[in-house]
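> This structure is in structure tokens; I'll ask about it shortly.
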Amino acid sequence: MKTRHLIDLDSLSLSEIGDILHMAEAIAKKPSYYSDSCHGMLMATAFYEPSTRTQMSFQAAMLRLGGKVIGFDSPDGTSVSKGESLKDTVRVLSGYADIITIRHPLEGAAKAASMYSAAPVINAGDGGHLHPTQTLTDIFTLLREKGTLENLTIGLCGDLKHGRTVHSLIKAISRYKGNRFVLISTPELALPAYLKAVITENGLEYEEKDSLADALSMIDVLYMTRIQRERFAGHEDYEKQKGIFILDTEKLYNAKYGLKILHPLPRVDEIEDEVDDDPRAVYFIQAEYGMYARMALILHMLDGETKHIDPRPEGDGERVCSNPKCVTGAETYLPKLFRRKGGKFICEYCDKMK
Amino acid sequence: MKTRHLIDLDSLSLSEIGDILHMAEAIAKKPSYYSDSCHGMLMATAFYEPSTRTQMSFQAAMLRLGGKVIGFDSPDGTSVSKGESLKDTVRVLSGYADIITIRHPLEGAAKAASMYSAAPVINAGDGGHLHPTQTLTDIFTLLREKGTLENLTIGLCGDLKHGRTVHSLIKAISRYKGNRFVLISTPELALPAYLKAVITENGLEYEEKDSLADALSMIDVLYMTRIQRERFAGHEDYEKQKGIFILDTEKLYNAKYGLKILHPLPRVDEIEDEVDDDPRAVYFIQAEYGMYARMALILHMLDGETKHIDPRPEGDGERVCSNPKCVTGAETYLPKLFRRKGGKFICEYCDKMK
Amino acid sequence: MKTRHLIDLDSLSLSEIGDILHMAEAIAKKPSYYSDSCHGMLMATAFYEPSTRTQMSFQAAMLRLGGKVIGFDSPDGTSVSKGESLKDTVRVLSGYADIITIRHPLEGAAKAASMYSAAPVINAGDGGHLHPTQTLTDIFTLLREKGTLENLTIGLCGDLKHGRTVHSLIKAISRYKGNRFVLISTPELALPAYLKAVITENGLEYEEKDSLADALSMIDVLYMTRIQRERFAGHEDYEKQKGIFILDTEKLYNAKYGLKILHPLPRVDEIEDEVDDDPRAVYFIQAEYGMYARMALILHMLDGETKHIDPRPEGDGERVCSNPKCVTGAETYLPKLFRRKGGKFICEYCDKMK
């Protein structure tokens, strides 16, 4: 059964992800073949916080498929500012449009929206929670640039503790065979234990490194992210350590010939400009691949879909989620939904423990 | 003769409104048949104040007809902020576009714009004055959901004194035969006398009720609107009375099986969320009907039109409008136009007495 | 060889400008013939400062060619606000889009962008430096309205010292034969000496006038611009002189029958509203011509183009541009480029002397 909405990439089967990636490859080869595929279709981009890059990527994807786009880029001036609930806004938009992409500062907002939308909903980022099309972009880039999603040694560098894109990528890649992770960070910004568990539960291995230079010779892929200045213990630590996690051409001397360097962008100073001219740097083409991946996703979601709202599950009468950033706090009509895991209750919206 | 601009729904003949409604029905049945009807055409949305919902509805309408859209959603960053007159902005826009929708905080601004536009102008709201496409949406919803615009008993609930949508709807519905109105409000927020006169002058009847529950058994249609908290006499009155005008499932027990509940949206708390699942609630599909109504209107306005600016009437040398919200105050070059009614002078822009 | 990017109109040969103008004429005659010319193509409008009129003109142009548009209208909410360099933003955008229009508050920003863009870049205004599509609009208007770009006596009125559009127009028109300029301004706001030199070096003549009324009988074309109040020496001077440079119907009594009055718009009070009805006023149709000129330019730039980034020249190791508004100050990675002129170094970005 096809997934109606894309809230979390983990909810797609590997076979479904494979379908999307194959379609993305076909599009990347000959985009013009698809320039009327969504003729007469309309996408709504409901961006409850500005994120121009992500919004433009979705717009470009829909427009390059021959579809049209409406939407907003902040709640100012919308019915939201007049007190309208997320649910009502989504129901109205899903009457106008054939597909909705939503960006929201609260965790679980995309899932909440999907429960009231007659049109398929794509999560374009819900707070610090999920951003599945970034991950889809990342694995499509791996596939394009390495030819496979298996048996890769993948270095991840930067703030591995807080980085949402890193966490999602690890979860996605751990579903494929034979991959190894090299985790490059300070001890304070190391990958959380539950994500290390995801790796080992999938029968994969990881290694931790506190120097980018040391790791570079071992890896097939480097996924760079930024360590924000304020994440370092103090100013002294920052000045001492920052260079260790900055990629420059000197560090690249030790790297493999076939290395591919990815970055979710925007980059600030964690990759020196001089690296851009190295053929191993693929972070700009990665952004373009993101457009093709989103085109494939849109085609996948619209395929054979008829508009309807799914029946909503009954809520839990007793429990409420205690995460202050969970959408259920602001949108109080939402049924309270939890799943049990090891005797604990996990909120179905934000995936945090109650 | 076809009306060139849509400023006020009252200026359209019933036959012309009928044409638009029939076209809207055809579109609602098979929208895809019309997906290239405006191929090569361009709409400009000139929104001098933000109203994302209305703007998206017009954009969706034009895009679903295969047309394109340009525009702005506030005067910031436009030539207006550099001191350009409404007239100049409109003349430039009407050189770019085939049709213009205008939203403006001043009353009469759409009429003013239409006098300088080579392209047809649609009023998308001019201050608290007129918003004809909302009314067109409302009557199209009535027609779709009740099958007729005649012999209906229509309840209107909320702030009937200030509500622009309610006033316009009463004027529009009073032109059809056999309708009855049930006016549901507090005495302080009752319908103004001149609108009661409109009803009776058309040979129709109305009844006033101060309780929504009492009215529900009598009506075929309920048009819900909000009473803003600050409209009640005092805080005590608000707490005492607010529940009387809030629709919930309990009150609906007395309602007819065939009742249809409309609301211009956004809704805040005047309809409980539980009502949404009642099949008599049609306010979300009403928003979708609004898109079809606007599609039909656009086709109607573009049909056979060649671009030109109509000759402008001479202004009144003596009189100026005293309404501080009238567009003639800010745009001083406008010819001062009045019509006489019962020995009084009515401003042709804002329809207020001089 | 075709110019890949349009940064400065002067870098186009007269033959290339002629091609664009002929195409613009063909489009203006029958726009609908071109309504699918850019089918499947995407334009990105990268506006680092709001300029709704210019942005709408480009959007209308691309949409009327059957293309699509993405973009932003200010850096808020973009990756720029997260510290992304101009270079990175442009590289990502040029992966999404087939052509980029850029507006930026810094001088030389469009040239800088073009060095990192795989897609052709059009300069839509870089600070007070260049705005080539305005000039293209102006000369296309001259050609349409006068039938020629030669042997014209062209009056330029307003602030000739600071006016960017006036300077560019003089440079462009000086490349054609037999034209004469009448420069109408206060002595304080006279045309800079280097531009007078441009005129004479091209074998053309000019005359200076301090009264619009006096000049009107001599000229075939009047290019009106505004003198900002703060440009006058003092309040008294302003009150005394402002009327001298305001065009009204009275002054027009002395003008030729075939005079054409142009204005880049928006106009504030330098042309009285009463002039609008004079058939010699062409400033509103000029805005429409601007759309056709931009359509022709887009077709010209996309013709036969394959996406690639040109090799970048080596920078000057010693010199830096001293213009505080030059883009090289903010975007420090840019190679420092200078050309020599009379023993001096001119910055290749902002065209100011080092």
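Chain lettering (A, B, ...) mirrors the order of the structure tokens, residue numbering begins at 1 for each chain separately, and ligand numbering begins at 1 in order of display.
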Which residues come within 10 Å of B:Thr306, counting only C-alpha atoms, excluding same-chain residues fewer than 3 positions away, as JSON, numbers by chain?
{"B": [98, 118, 119, 120, 302, 303, 309]}
> Keeping only all heavy atoms, write the selected residues to a file as a PDB file, in the first residue's frame.

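Produced file selection-v4.pdb, reproduced below:
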ATOM      1  N   ASP B  98      -3.912  41.035 -18.165  1.00  0.00           N
ATOM      2  CA  ASP B  98      -5.192  41.000 -18.860  1.00  0.00           C
ATOM      3  C   ASP B  98      -6.368  41.246 -17.923  1.00  0.00           C
ATOM      4  O   ASP B  98      -7.474  41.560 -18.365  1.00  0.00           O
ATOM      5  CB  ASP B  98      -5.366  39.635 -19.531  1.00  0.00           C
ATOM      6  CG  ASP B  98      -4.257  39.360 -20.510  1.00  0.00           C
ATOM      7  OD1 ASP B  98      -4.206  40.080 -21.526  1.00  0.00           O
ATOM      8  OD2 ASP B  98      -3.425  38.470 -20.266  1.00  0.00           O
ATOM      9  N   ALA B 118      -7.038  49.638 -18.218  1.00  0.00           N
ATOM     10  CA  ALA B 118      -7.401  49.116 -19.534  1.00  0.00           C
ATOM     11  C   ALA B 118      -7.902  47.676 -19.426  1.00  0.00           C
ATOM     12  O   ALA B 118      -8.609  47.192 -20.305  1.00  0.00           O
ATOM     13  CB  ALA B 118      -6.195  49.183 -20.464  1.00  0.00           C
ATOM     14  N   ALA B 119      -7.548  46.999 -18.341  1.00  0.00           N
ATOM     15  CA  ALA B 119      -7.975  45.614 -18.130  1.00  0.00           C
ATOM     16  C   ALA B 119      -9.143  45.589 -17.151  1.00  0.00           C
ATOM     17  O   ALA B 119      -9.274  46.483 -16.318  1.00  0.00           O
ATOM     18  CB  ALA B 119      -6.803  44.809 -17.578  1.00  0.00           C
ATOM     19  N   PRO B 120     -10.003  44.565 -17.238  1.00  0.00           N
ATOM     20  CA  PRO B 120     -11.102  44.457 -16.279  1.00  0.00           C
ATOM     21  C   PRO B 120     -10.581  44.385 -14.840  1.00  0.00           C
ATOM     22  O   PRO B 120      -9.561  43.742 -14.589  1.00  0.00           O
ATOM     23  CB  PRO B 120     -11.783  43.136 -16.655  1.00  0.00           C
ATOM     24  CG  PRO B 120     -11.324  42.802 -18.022  1.00  0.00           C
ATOM     25  CD  PRO B 120     -10.003  43.471 -18.219  1.00  0.00           C
ATOM     26  N   LEU B 302     -13.232  38.101 -18.949  1.00  0.00           N
ATOM     27  CA  LEU B 302     -12.260  38.127 -20.053  1.00  0.00           C
ATOM     28  C   LEU B 302     -12.930  37.888 -21.402  1.00  0.00           C
ATOM     29  O   LEU B 302     -12.328  38.155 -22.446  1.00  0.00           O
ATOM     30  CB  LEU B 302     -11.171  37.067 -19.827  1.00  0.00           C
ATOM     31  CG  LEU B 302     -10.146  37.410 -18.749  1.00  0.00           C
ATOM     32  CD1 LEU B 302      -9.230  36.221 -18.488  1.00  0.00           C
ATOM     33  CD2 LEU B 302      -9.319  38.629 -19.150  1.00  0.00           C
ATOM     34  N   ASP B 303     -14.161  37.411 -21.377  1.00  0.00           N
ATOM     35  CA  ASP B 303     -14.826  36.996 -22.609  1.00  0.00           C
ATOM     36  C   ASP B 303     -15.048  38.179 -23.551  1.00  0.00           C
ATOM     37  O   ASP B 303     -15.809  39.100 -23.247  1.00  0.00           O
ATOM     38  CB  ASP B 303     -16.165  36.338 -22.246  1.00  0.00           C
ATOM     39  CG  ASP B 303     -16.887  35.825 -23.479  1.00  0.00           C
ATOM     40  OD1 ASP B 303     -16.206  35.415 -24.427  1.00  0.00           O
ATOM     41  OD2 ASP B 303     -18.134  35.858 -23.466  1.00  0.00           O
ATOM     42  N   ILE B 309      -9.443  51.997 -21.849  1.00  0.00           N
ATOM     43  CA  ILE B 309      -9.864  52.752 -20.665  1.00  0.00           C
ATOM     44  C   ILE B 309     -11.141  53.497 -21.030  1.00  0.00           C
ATOM     45  O   ILE B 309     -11.195  54.202 -22.037  1.00  0.00           O
ATOM     46  CB  ILE B 309      -8.761  53.728 -20.209  1.00  0.00           C
ATOM     47  CG1 ILE B 309      -7.493  52.940 -19.852  1.00  0.00           C
ATOM     48  CG2 ILE B 309      -9.223  54.566 -19.033  1.00  0.00           C
ATOM     49  CD1 ILE B 309      -6.317  53.802 -19.436  1.00  0.00           C
TER      50      ILE B 309
END
> Could you pull out all residues of stretch 244-332 of chain A with a DSSP call of strand (DSSP E or B) and give them as a list of chain:residue names?
A:Leu247, A:Lys260, A:Ile261, A:Leu262, A:Ile271, A:Ala281, A:Cys326
> When DSSP works through the backbone of this structure, what residues of stretch 10-103 of chain A end up as helix (DSSP H, G or I), shown as a ChimeraX atom specification?
/A:10-11,14-29,31-34,52-64,79-82,86-96
> Residues of chain A within 6 Å of chain C, counting only C-alpha atoms, what are they? List them as a ChimeraX atom specification.
/A:35,50-52,266,268,284,288
> Save out the residues we just selected, N, CA and C atoms, as an mmCIF file, in the first residue's frame.

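Result file is part_28.cif:
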data_model
loop_
_atom_site.group_PDB
_atom_site.id
_atom_site.type_symbol
_atom_site.label_atom_id
_atom_site.label_comp_id
_atom_site.auth_asym_id
_atom_site.auth_seq_id
_atom_site.Cartn_x
_atom_site.Cartn_y
_atom_site.Cartn_z
ATOM 1 N N SER A 35 8.118 17.735 -18.346
ATOM 2 C CA SER A 35 7.721 19.134 -18.172
ATOM 3 C C SER A 35 6.218 19.371 -18.275
ATOM 4 N N PRO A 50 9.432 31.249 7.530
ATOM 5 C CA PRO A 50 10.097 31.419 6.244
ATOM 6 C C PRO A 50 11.246 30.423 6.088
ATOM 7 N N SER A 51 11.370 29.852 4.927
ATOM 8 C CA SER A 51 12.516 29.015 4.563
ATOM 9 C C SER A 51 12.568 29.035 3.047
ATOM 10 N N THR A 52 13.083 30.146 2.542
ATOM 11 C CA THR A 52 13.011 30.421 1.112
ATOM 12 C C THR A 52 13.647 29.329 0.275
ATOM 13 N N PRO A 266 22.571 25.973 3.703
ATOM 14 C CA PRO A 266 23.708 26.850 3.396
ATOM 15 C C PRO A 266 24.950 26.503 4.224
ATOM 16 N N VAL A 268 28.448 28.001 5.923
ATOM 17 C CA VAL A 268 28.957 29.291 6.381
ATOM 18 C C VAL A 268 30.479 29.299 6.250
ATOM 19 N N PHE A 284 26.902 21.487 -4.399
ATOM 20 C CA PHE A 284 26.013 22.349 -5.202
ATOM 21 C C PHE A 284 25.116 21.511 -6.106
ATOM 22 N N GLU A 288 20.698 20.635 -6.676
ATOM 23 C CA GLU A 288 19.949 20.372 -7.905
ATOM 24 C C GLU A 288 19.302 18.983 -7.849
#
> May I have the residues within 6 Å of stretch 129-146 of chain B as an NGL selection string, using only C-alpha atoms and disregarding those fewer than 2 positions away in the same chain?
:B and (8-9 or 107 or 124-127 or 148-149 or 169 or 286 or 290 or 293)
> Kindly save the residues from that selection, with N, CA, C and O atoms included, as an mmCIF file, in the first residue's frame.

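Saved result, again_25.cif, follows:
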data_model
loop_
_atom_site.group_PDB
_atom_site.id
_atom_site.type_symbol
_atom_site.label_atom_id
_atom_site.label_comp_id
_atom_site.auth_asym_id
_atom_site.auth_seq_id
_atom_site.Cartn_x
_atom_site.Cartn_y
_atom_site.Cartn_z
ATOM 1 N N ASP B 8 -19.227 45.893 -7.599
ATOM 2 C CA ASP B 8 -20.341 45.640 -6.682
ATOM 3 C C ASP B 8 -21.220 44.583 -7.352
ATOM 4 O O ASP B 8 -21.594 44.753 -8.519
ATOM 5 N N LEU B 9 -21.537 43.516 -6.643
ATOM 6 C CA LEU B 9 -22.337 42.457 -7.249
ATOM 7 C C LEU B 9 -23.712 42.978 -7.680
ATOM 8 O O LEU B 9 -24.299 42.492 -8.650
ATOM 9 N N GLU B 107 -12.333 52.642 1.079
ATOM 10 C CA GLU B 107 -13.618 52.354 0.447
ATOM 11 C C GLU B 107 -13.720 53.062 -0.900
ATOM 12 O O GLU B 107 -13.428 54.243 -1.008
ATOM 13 N N ALA B 124 -11.600 42.837 -4.833
ATOM 14 C CA ALA B 124 -11.356 41.742 -3.893
ATOM 15 C C ALA B 124 -11.440 42.245 -2.459
ATOM 16 O O ALA B 124 -10.845 41.676 -1.548
ATOM 17 N N GLY B 125 -12.235 43.317 -2.275
ATOM 18 C CA GLY B 125 -12.409 43.890 -0.943
ATOM 19 C C GLY B 125 -11.864 45.297 -0.882
ATOM 20 O O GLY B 125 -10.668 45.481 -1.042
ATOM 21 N N ASP B 126 -12.754 46.287 -0.658
ATOM 22 C CA ASP B 126 -12.292 47.677 -0.511
ATOM 23 C C ASP B 126 -12.725 48.183 0.860
ATOM 24 O O ASP B 126 -13.818 48.676 1.052
ATOM 25 N N GLY B 127 -11.806 48.046 1.831
ATOM 26 C CA GLY B 127 -12.115 48.437 3.205
ATOM 27 C C GLY B 127 -13.304 47.634 3.705
ATOM 28 O O GLY B 127 -13.458 46.457 3.376
ATOM 29 N N THR B 148 -31.349 25.664 -5.419
ATOM 30 C CA THR B 148 -32.161 26.824 -5.805
ATOM 31 C C THR B 148 -31.724 28.055 -5.026
ATOM 32 O O THR B 148 -31.062 27.925 -3.985
ATOM 33 N N LEU B 149 -32.096 29.240 -5.537
ATOM 34 C CA LEU B 149 -31.880 30.477 -4.779
ATOM 35 C C LEU B 149 -33.216 31.104 -4.391
ATOM 36 O O LEU B 149 -33.282 32.271 -4.029
ATOM 37 N N LEU B 169 -24.804 39.677 1.331
ATOM 38 C CA LEU B 169 -25.574 38.477 1.048
ATOM 39 C C LEU B 169 -27.079 38.788 1.075
ATOM 40 O O LEU B 169 -27.836 38.335 0.210
ATOM 41 N N GLN B 286 -17.489 25.155 0.866
ATOM 42 C CA GLN B 286 -17.823 26.521 0.436
ATOM 43 C C GLN B 286 -16.573 27.268 -0.050
ATOM 44 O O GLN B 286 -16.618 27.987 -1.057
ATOM 45 N N GLY B 290 -15.806 28.678 -3.743
ATOM 46 C CA GLY B 290 -15.343 30.040 -4.003
ATOM 47 C C GLY B 290 -14.326 30.072 -5.136
ATOM 48 O O GLY B 290 -14.312 31.009 -5.945
ATOM 49 N N ALA B 293 -16.308 29.619 -8.340
ATOM 50 C CA ALA B 293 -17.047 30.851 -8.648
ATOM 51 C C ALA B 293 -16.109 31.903 -9.240
ATOM 52 O O ALA B 293 -16.451 32.603 -10.198
#
> Quick one: residues within 10 Å of B:Ser322, only C-alpha atoms counted, chain neighbours fewer than 5 positions away excluded, as a ChimeraX atom specification?
/B:328-329,347,352-354
> Separation of atom CA of C:Ala193 and atom CA of C:Ile173, in Å?
17.0 Å
> How many Å separate atom CA of B:Met224 from atom CA of B:Tyr194?
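Atom CA of B:Tyr194 lies at a distance of 21.2 Å from atom CA of B:Met224.
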> Please provide as number ranges by chain all residues within 8 Å of stretch 18-22 of chain B, with the sequence filter that same-chain residues fewer than 3 positions apart are discarded (counting only C-alpha atoms).
B: 14-15, 25-26, 140, 293, 296-297, 300
> Grab the residues selected above and save them as a tab-separated table (two decimals), in the first residue's frame with C-alpha atoms.

chain	number	residue	atom	x	y	z
B	14	LEU	CA	-29.72	38.61	-12.44
B	15	SER	CA	-29.24	37.16	-15.89
B	25	GLU	CA	-21.45	24.70	-11.93
B	26	ALA	CA	-19.94	23.38	-15.11
B	140	PHE	CA	-23.03	29.70	-5.49
B	293	ALA	CA	-17.05	30.85	-8.65
B	296	ALA	CA	-16.31	31.41	-13.72
B	297	LEU	CA	-16.11	35.12	-12.98
B	300	HIS	CA	-16.93	35.93	-17.80
